[in-house]
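Peer 1: Contents of upload-v6.txt (compact mmCIF, C-alpha atoms) are below:
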```txt
# COMPACT_ATOMS: atom_id res chain seq x y z
CA MET G 3 16.78 -12.28 -1.74
CA LYS G 4 16.11 -13.17 1.80
CA VAL G 5 12.99 -11.94 3.48
CA THR G 6 12.68 -11.89 7.18
CA ILE G 7 9.20 -11.62 8.58
CA LYS G 8 9.40 -9.33 11.54
CA GLN G 9 5.77 -9.15 12.41
CA TRP G 10 2.42 -10.36 11.12
CA ASN G 11 -1.20 -9.76 11.93
CA ALA G 12 -3.94 -12.29 11.33
CA VAL G 13 -7.28 -11.05 10.14
CA ALA G 14 -10.36 -13.26 10.12
CA GLN G 15 -13.90 -12.77 9.04
CA TRP G 16 -16.91 -14.80 10.05
CA GLN G 17 -20.52 -14.96 9.16
CA TRP G 18 -23.42 -17.14 10.11
CA ASP G 19 -24.09 -20.01 7.79
CA THR G 20 -27.75 -19.34 7.11
CA GLY G 21 -27.65 -21.59 4.07
CA LYS G 22 -28.58 -18.66 1.88
CA GLN G 23 -25.22 -17.58 0.51
CA ASP G 24 -26.09 -18.80 -2.96
CA ASP G 25 -28.47 -15.99 -3.75
CA ALA G 26 -26.13 -13.27 -2.62
CA THR G 27 -27.74 -10.93 -5.12
CA ASP G 28 -30.62 -10.17 -2.80
CA GLY G 29 -28.19 -9.91 0.09
CA GLU G 30 -30.39 -7.34 1.81
CA GLU G 31 -32.82 -10.06 2.77
CA ASP G 32 -30.66 -11.63 5.44
CA VAL G 33 -32.48 -10.16 8.39
CA CYS G 34 -34.22 -11.76 11.33
CA GLY G 35 -37.94 -11.92 10.60
CA ILE G 36 -38.76 -10.85 14.13
CA CYS G 37 -36.53 -7.86 14.88
CA ARG G 38 -35.52 -7.06 11.27
CA ASN G 39 -31.90 -6.70 12.29
CA PRO G 40 -29.33 -8.43 10.10
CA PHE G 41 -28.33 -11.93 11.18
CA GLU G 42 -24.76 -10.71 11.26
CA GLY G 43 -25.78 -8.13 13.80
CA CYS G 44 -27.47 -9.04 17.03
CA CYS G 45 -30.93 -9.00 18.46
CA PRO G 46 -32.12 -5.64 19.84
CA THR G 47 -31.36 -6.61 23.42
CA CYS G 48 -27.73 -7.52 22.76
CA LYS G 49 -24.76 -5.32 22.06
CA VAL G 50 -22.28 -7.70 20.49
CA PRO G 51 -22.95 -10.17 17.67
CA GLY G 52 -21.46 -13.63 17.80
CA ASP G 53 -21.70 -16.50 20.22
CA ASP G 54 -23.51 -14.41 22.81
CA CYS G 55 -26.35 -13.72 20.41
CA PRO G 56 -26.55 -16.80 18.23
CA LEU G 57 -29.00 -17.79 15.56
CA ILE G 58 -31.47 -20.59 15.88
CA TRP G 59 -32.71 -22.83 13.08
CA GLY G 60 -36.05 -24.56 12.96
CA GLU G 61 -36.85 -27.89 11.36
CA CYS G 62 -38.96 -25.76 9.03
CA THR G 63 -35.66 -24.17 7.83
CA HIS G 64 -36.51 -20.71 9.14
CA VAL G 65 -33.80 -18.83 10.98
CA PHE G 66 -34.03 -16.18 13.69
CA HIS G 67 -31.89 -14.62 16.37
CA MET G 68 -32.21 -17.10 19.19
CA HIS G 69 -33.20 -14.41 21.67
CA CYS G 70 -35.93 -13.10 19.39
CA LEU G 71 -37.37 -16.54 18.78
CA LEU G 72 -37.27 -17.57 22.42
CA LYS G 73 -39.03 -14.38 23.39
CA TRP G 74 -41.77 -15.09 20.85
CA ILE G 75 -42.11 -18.76 21.83
CA SER G 76 -42.38 -17.76 25.48
CA THR G 77 -45.54 -15.77 24.77
CA ALA G 78 -48.82 -17.64 25.01
CA ALA G 79 -49.91 -15.99 21.77
CA SER G 80 -47.20 -17.79 19.83
CA LYS G 81 -48.79 -21.20 20.42
CA SER G 82 -45.18 -22.33 19.96
CA GLN G 83 -45.43 -21.75 16.24
CA CYS G 84 -42.82 -20.53 13.81
CA PRO G 85 -43.56 -16.87 13.01
CA MET G 86 -43.09 -17.53 9.31
CA ASP G 87 -45.17 -20.61 8.61
CA ARG G 88 -47.08 -21.22 11.87
CA ARG G 89 -45.82 -24.75 12.06
CA GLN G 90 -44.99 -26.07 15.50
CA TRP G 91 -41.49 -24.79 16.27
CA VAL G 92 -38.90 -27.58 16.45
CA THR G 93 -35.31 -26.48 16.80
CA ALA G 94 -33.12 -28.15 14.20
CA GLU G 95 -30.31 -29.78 16.10
CA ARG G 96 -28.04 -30.32 13.14
CA LYS G 97 -27.52 -26.61 12.73
CA VAL G 98 -26.82 -25.81 16.34
CA ALA G 99 -23.29 -27.13 16.08
CA PRO G 100 -20.97 -24.64 14.43
CA SER G 101 -20.45 -25.38 10.78
CA GLY G 102 -18.51 -24.00 7.85
CA ARG G 103 -15.80 -22.03 9.55
CA MET D 14 -36.16 -2.43 26.94
CA SER D 15 -38.81 -0.33 25.26
CA SER D 16 -36.28 0.57 22.61
CA VAL D 17 -36.68 -2.91 21.12
CA TYR D 18 -40.03 -2.05 19.65
CA MET D 19 -38.90 1.44 18.68
CA ARG D 20 -36.00 0.10 16.70
CA ARG D 21 -38.19 -2.36 14.88
CA LEU D 22 -40.71 0.41 14.12
CA GLY D 23 -37.90 2.68 13.02
CA LYS D 24 -36.85 0.05 10.51
CA GLU D 25 -40.38 -0.36 9.24
CA LEU D 26 -40.68 3.38 8.79
CA MET D 27 -37.41 3.47 6.91
CA ASP D 28 -38.60 0.65 4.65
CA ILE D 29 -41.82 2.53 4.01
CA GLN D 30 -39.90 5.67 3.12
CA CYS D 31 -37.45 3.79 0.89
CA ASP D 32 -39.63 1.18 -0.77
CA GLY D 33 -42.99 2.90 -0.52
CA LEU D 34 -46.33 1.43 0.44
CA PRO D 35 -48.64 -0.83 -1.53
CA GLU D 36 -50.85 0.92 -4.05
CA GLY D 37 -53.81 2.56 -2.41
CA VAL D 38 -52.10 2.97 0.96
CA ARG D 39 -50.56 6.26 2.04
CA LEU D 40 -48.84 7.41 5.15
CA LEU D 41 -50.68 10.27 6.82
CA SER D 42 -48.44 10.66 9.81
CA ALA D 43 -45.88 8.79 11.84
CA ASP D 44 -44.73 11.56 14.13
CA ASN D 45 -44.01 9.29 17.03
CA MET D 46 -43.66 5.64 17.88
CA GLN D 47 -47.05 5.41 19.61
CA SER D 48 -49.44 5.93 16.76
CA TRP D 49 -49.29 6.06 13.01
CA PHE D 50 -52.02 7.02 10.58
CA PHE D 51 -52.57 5.83 7.03
CA THR D 52 -55.17 6.32 4.37
CA ILE D 53 -56.34 3.25 2.60
CA GLN D 54 -58.50 2.71 -0.42
CA VAL D 55 -59.39 -0.22 -2.59
CA LEU D 56 -58.18 -0.02 -6.13
CA GLY D 57 -60.15 -1.47 -8.96
CA GLN D 58 -63.71 -2.65 -8.81
CA SER D 59 -65.17 -3.05 -5.37
CA LEU D 60 -68.04 -1.91 -3.22
CA TYR D 61 -65.78 0.82 -1.86
CA GLU D 62 -64.80 2.45 -5.13
CA GLY D 63 -63.88 6.07 -4.61
CA GLU D 64 -63.96 5.81 -0.81
CA VAL D 65 -60.92 6.67 1.27
CA PHE D 66 -60.57 5.44 4.83
CA ALA D 67 -58.05 6.22 7.52
CA LEU D 68 -56.38 3.65 9.71
CA GLU D 69 -54.79 4.21 13.07
CA PHE D 70 -52.06 1.92 14.35
CA ARG D 71 -51.28 2.09 18.04
CA PHE D 72 -48.09 0.52 19.28
CA ASP D 73 -46.78 -0.31 22.68
CA ASN D 74 -43.63 -2.02 23.82
CA SER D 75 -45.09 -5.48 23.29
CA TYR D 76 -44.74 -4.90 19.54
CA PRO D 77 -43.88 -6.94 17.47
CA PHE D 78 -44.51 -9.82 19.86
CA SER D 79 -48.08 -8.71 20.11
CA ALA D 80 -50.18 -7.15 17.36
CA PRO D 81 -50.58 -3.39 17.17
CA ALA D 82 -54.05 -2.05 17.93
CA VAL D 83 -55.49 -1.16 14.54
CA LEU D 84 -58.74 0.66 13.95
CA PHE D 85 -60.49 2.70 11.31
CA VAL D 86 -60.59 6.37 12.13
CA LYS D 87 -63.91 7.98 12.87
CA ASP D 88 -63.72 11.76 12.93
CA ARG D 89 -64.92 14.74 10.92
CA THR D 90 -62.93 13.76 7.87
CA TYR D 91 -63.04 9.99 7.91
CA ALA D 92 -65.62 7.33 8.61
CA PRO D 93 -65.05 3.59 8.98
CA PRO D 94 -66.14 1.45 6.02
CA ILE D 95 -69.45 -0.31 6.30
CA HIS D 96 -68.24 -3.89 6.34
CA PRO D 97 -69.36 -7.08 8.12
CA HIS D 98 -66.06 -7.14 10.05
CA VAL D 99 -65.82 -3.46 10.91
CA TYR D 100 -67.82 -2.01 13.77
CA SER D 101 -69.16 1.49 13.42
CA ASN D 102 -66.68 2.71 16.04
CA GLY D 103 -63.84 1.61 13.78
CA HIS D 104 -62.95 -1.60 15.59
CA ILE D 105 -61.95 -4.39 13.25
CA CYS D 106 -62.54 -8.08 13.64
CA ALA D 107 -59.59 -9.64 11.82
CA SER D 108 -57.75 -12.68 13.07
CA ILE D 109 -54.30 -11.37 12.21
CA LEU D 110 -54.86 -8.55 14.69
CA GLY D 111 -55.54 -11.14 17.37
CA ASP D 112 -54.95 -14.87 17.51
CA ASP D 113 -53.19 -15.10 14.18
CA TRP D 114 -50.71 -12.30 14.71
CA SER D 115 -47.09 -13.18 14.06
CA PRO D 116 -44.02 -11.01 14.72
CA SER D 117 -42.99 -11.53 11.12
CA LEU D 118 -46.03 -9.49 10.07
CA SER D 119 -45.67 -5.75 9.76
CA VAL D 120 -47.61 -2.54 9.40
CA THR D 121 -47.49 -2.93 5.64
CA ALA D 122 -48.71 -6.52 5.84
CA VAL D 123 -51.67 -5.45 7.98
CA CYS D 124 -52.58 -2.73 5.47
CA ILE D 125 -52.52 -5.25 2.62
CA THR D 126 -54.73 -7.67 4.55
CA LEU D 127 -57.27 -4.98 5.38
CA GLN D 128 -57.24 -3.77 1.81
CA SER D 129 -58.08 -7.24 0.57
CA MET D 130 -60.68 -7.64 3.31
CA LEU D 131 -62.44 -4.61 1.85
CA ALA D 132 -61.86 -5.63 -1.75
CA SER D 133 -63.49 -9.02 -1.26
CA CYS D 134 -66.57 -7.67 0.50
CA LYS D 135 -69.81 -8.78 -1.12
CA GLU D 136 -72.32 -6.78 0.83
CA LYS D 137 -71.98 -3.51 2.70
CA LYS D 138 -73.47 -4.20 6.08
CA LEU D 139 -72.52 -3.76 9.69
CA PRO D 140 -71.46 -6.72 11.81
CA PRO D 141 -74.27 -8.41 13.72
CA GLY D 142 -74.61 -6.94 17.20
CA ASN D 143 -72.90 -3.73 16.14
CA ASP D 144 -74.97 -1.43 18.34
CA THR D 145 -74.51 -3.49 21.46
CA TYR D 146 -70.81 -3.83 20.87
CA VAL D 147 -70.24 -0.16 20.17
CA ARG D 148 -72.11 0.82 23.30
CA THR D 149 -69.90 -1.28 25.56
CA ALA D 150 -66.67 -1.49 23.60
CA PRO D 151 -63.38 -0.60 25.29
CA ASP D 152 -61.36 2.19 23.74
CA ASN D 153 -58.63 -0.27 22.87
CA PRO D 154 -59.91 -2.92 20.44
CA LYS D 155 -57.23 -5.31 21.64
CA LYS D 156 -59.18 -5.65 24.86
CA THR D 157 -62.03 -7.23 22.98
CA ARG D 158 -61.79 -10.93 22.41
CA PHE D 159 -63.23 -11.54 19.02
CA VAL D 160 -64.29 -14.92 17.77
CA TYR D 161 -63.14 -15.22 14.21
CA GLU D 162 -65.44 -16.88 11.76
CA ASP D 163 -65.59 -16.70 8.03
CA ASP D 164 -68.64 -14.56 7.65
CA THR D 165 -69.62 -13.28 11.02
CA CYS D 166 -67.97 -11.61 13.96
CA ASP D 167 -68.74 -12.23 17.54
CA PRO D 168 -67.11 -10.03 20.10
CA LEU D 169 -67.07 -11.82 23.41
CA LEU D 170 -67.21 -9.62 26.43
CA CYS D 171 -64.00 -7.73 26.77
CA VAL D 172 -61.31 -9.26 28.89
CA SER D 173 -59.05 -7.46 31.32
```
Rewrite the structure of this file - the entire thing - as structure tokens.
Peer 2:
Amino acid sequence: MKVTIKQWNAVAQWQWDTGKQDDATDGEEDVCGICRNPFEGCCPTCKVPGDDCPLIWGECTHVFHMHCLLKWISTAASKSQCPMDRRQWVTAERKVAPSGR
Amino acid sequence: MSSVYMRRLGKELMDIQCDGLPEGVRLLSADNMQSWFFTIQVLGQSLYEGEVFALEFRFDNSYPFSAPAVLFVKDRTYAPPIHPHVYSNGHICASILGDDWSPSLSVTAVCITLQSMLASCKEKKLPPGNDTYVRTAPDNPKKTRFVYEDDTCDPLLCVS
């Protein structure tokens, strides 16, 4: 039998590598601690998830929507601390590059 | 822009309706996104056994980047607890409502903190300087700059 492919459509799926896939059982927990929107969604000021509304990782391993975190850090009240553990916020460079496609 | 805080509050309200509140805390009303009311009581042995207090949360569009204004209700039905960190006008001196606020905190988290603040109270007494503070206090407790210490409160003169 000879099959001729006349047409094909590629479908791809992506998700942020928050390093939390292992405990998928509590999947509900994957929300930004600041806006409470899912990481796979976007921060409340954006319309489209993805590169335009990326995530940001701290050296402390906490993850947020970049826009949410930057807004917090830009307030004097934040004292530049991570909202989760109050340690001085240091962006983790290793995670900024896209990983795990 | 103001919808940012409304969406976050909407989510909190949904969580409260789905998952409930901690024991001893009940939602009185959340009819709008400006102010919510709760009742709060301390379960188990404490100086406040059998007493029920009401809390008011006031939000503005700086939430959750800035703490909500939280105070104990003082009206015909409810009175603020007599507590070294609670002024008789209902204003509360608690660091998480000021310097130690974090956007990862929530309405529920504030209720739990205040509940444990009451539960751990050793002596029912008003904060030092209560009368002076109450006489001059702004309506919005967030305009008072409190100095947070372990056992005493010290409201500095209100700013702005």
Peer 1: Using all atoms listed in the file for the distances, tell me which of G:Ala94, G:Asp53, G:Trp18, G:Lys81 is nearest to Ser115 of chain D.
Peer 2: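 Closest to Ser115 of chain D of all the choices is G:Lys81.
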Peer 1: Write down, as an MDAnalysis selection string, each residue of chain D that has any atom within 7 Å of an atom of chain G, counting all atoms listed in the file.
Peer 2: chainID D and resid 17 21 78 112 115:117
Peer 1: To one decimal place in Å, what is the distance between atom CA of Pro77 of chain D and atom CA of Gly60 of chain G?
Peer 2: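 About the pair atom CA of Pro77 of chain D and atom CA of Gly60 of chain G: they are 19.8 Å apart.
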Peer 1: Name the closest residue to Val120 of chain D among the candidates D:Ser16, D:Tyr61, D:Lys137, D:Ala80; distances are taken between atoms, counting only C-alpha atoms.
Peer 2: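 Distance minimum relative to Val120 of chain D lands on D:Ala80.
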Peer 1: Hey, what's within 8 Å of segment 31-48 of chain D if we count only C-alpha atoms and toss same-chain stuff fewer than 6 positions away? As a VMD selection string, please?
Peer 2: chain D and resid 19 22 54 to 56 69 to 73 121 124 to 125
Peer 1: What gap, in Å, lies between atom CA of Cys106 of chain D and atom CA of Gly23 of chain D?
Peer 2: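 These atoms are spaced 26.9 Å apart.
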Peer 1: Calculate how many Å separate atom CA of Phe159 of chain D from atom CA of Ser59 of chain D, rounding to one decimal.
Peer 2: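 Computing the Euclidean distance for atom CA of Phe159 of chain D and atom CA of Ser59 of chain D yields 25.9 Å.
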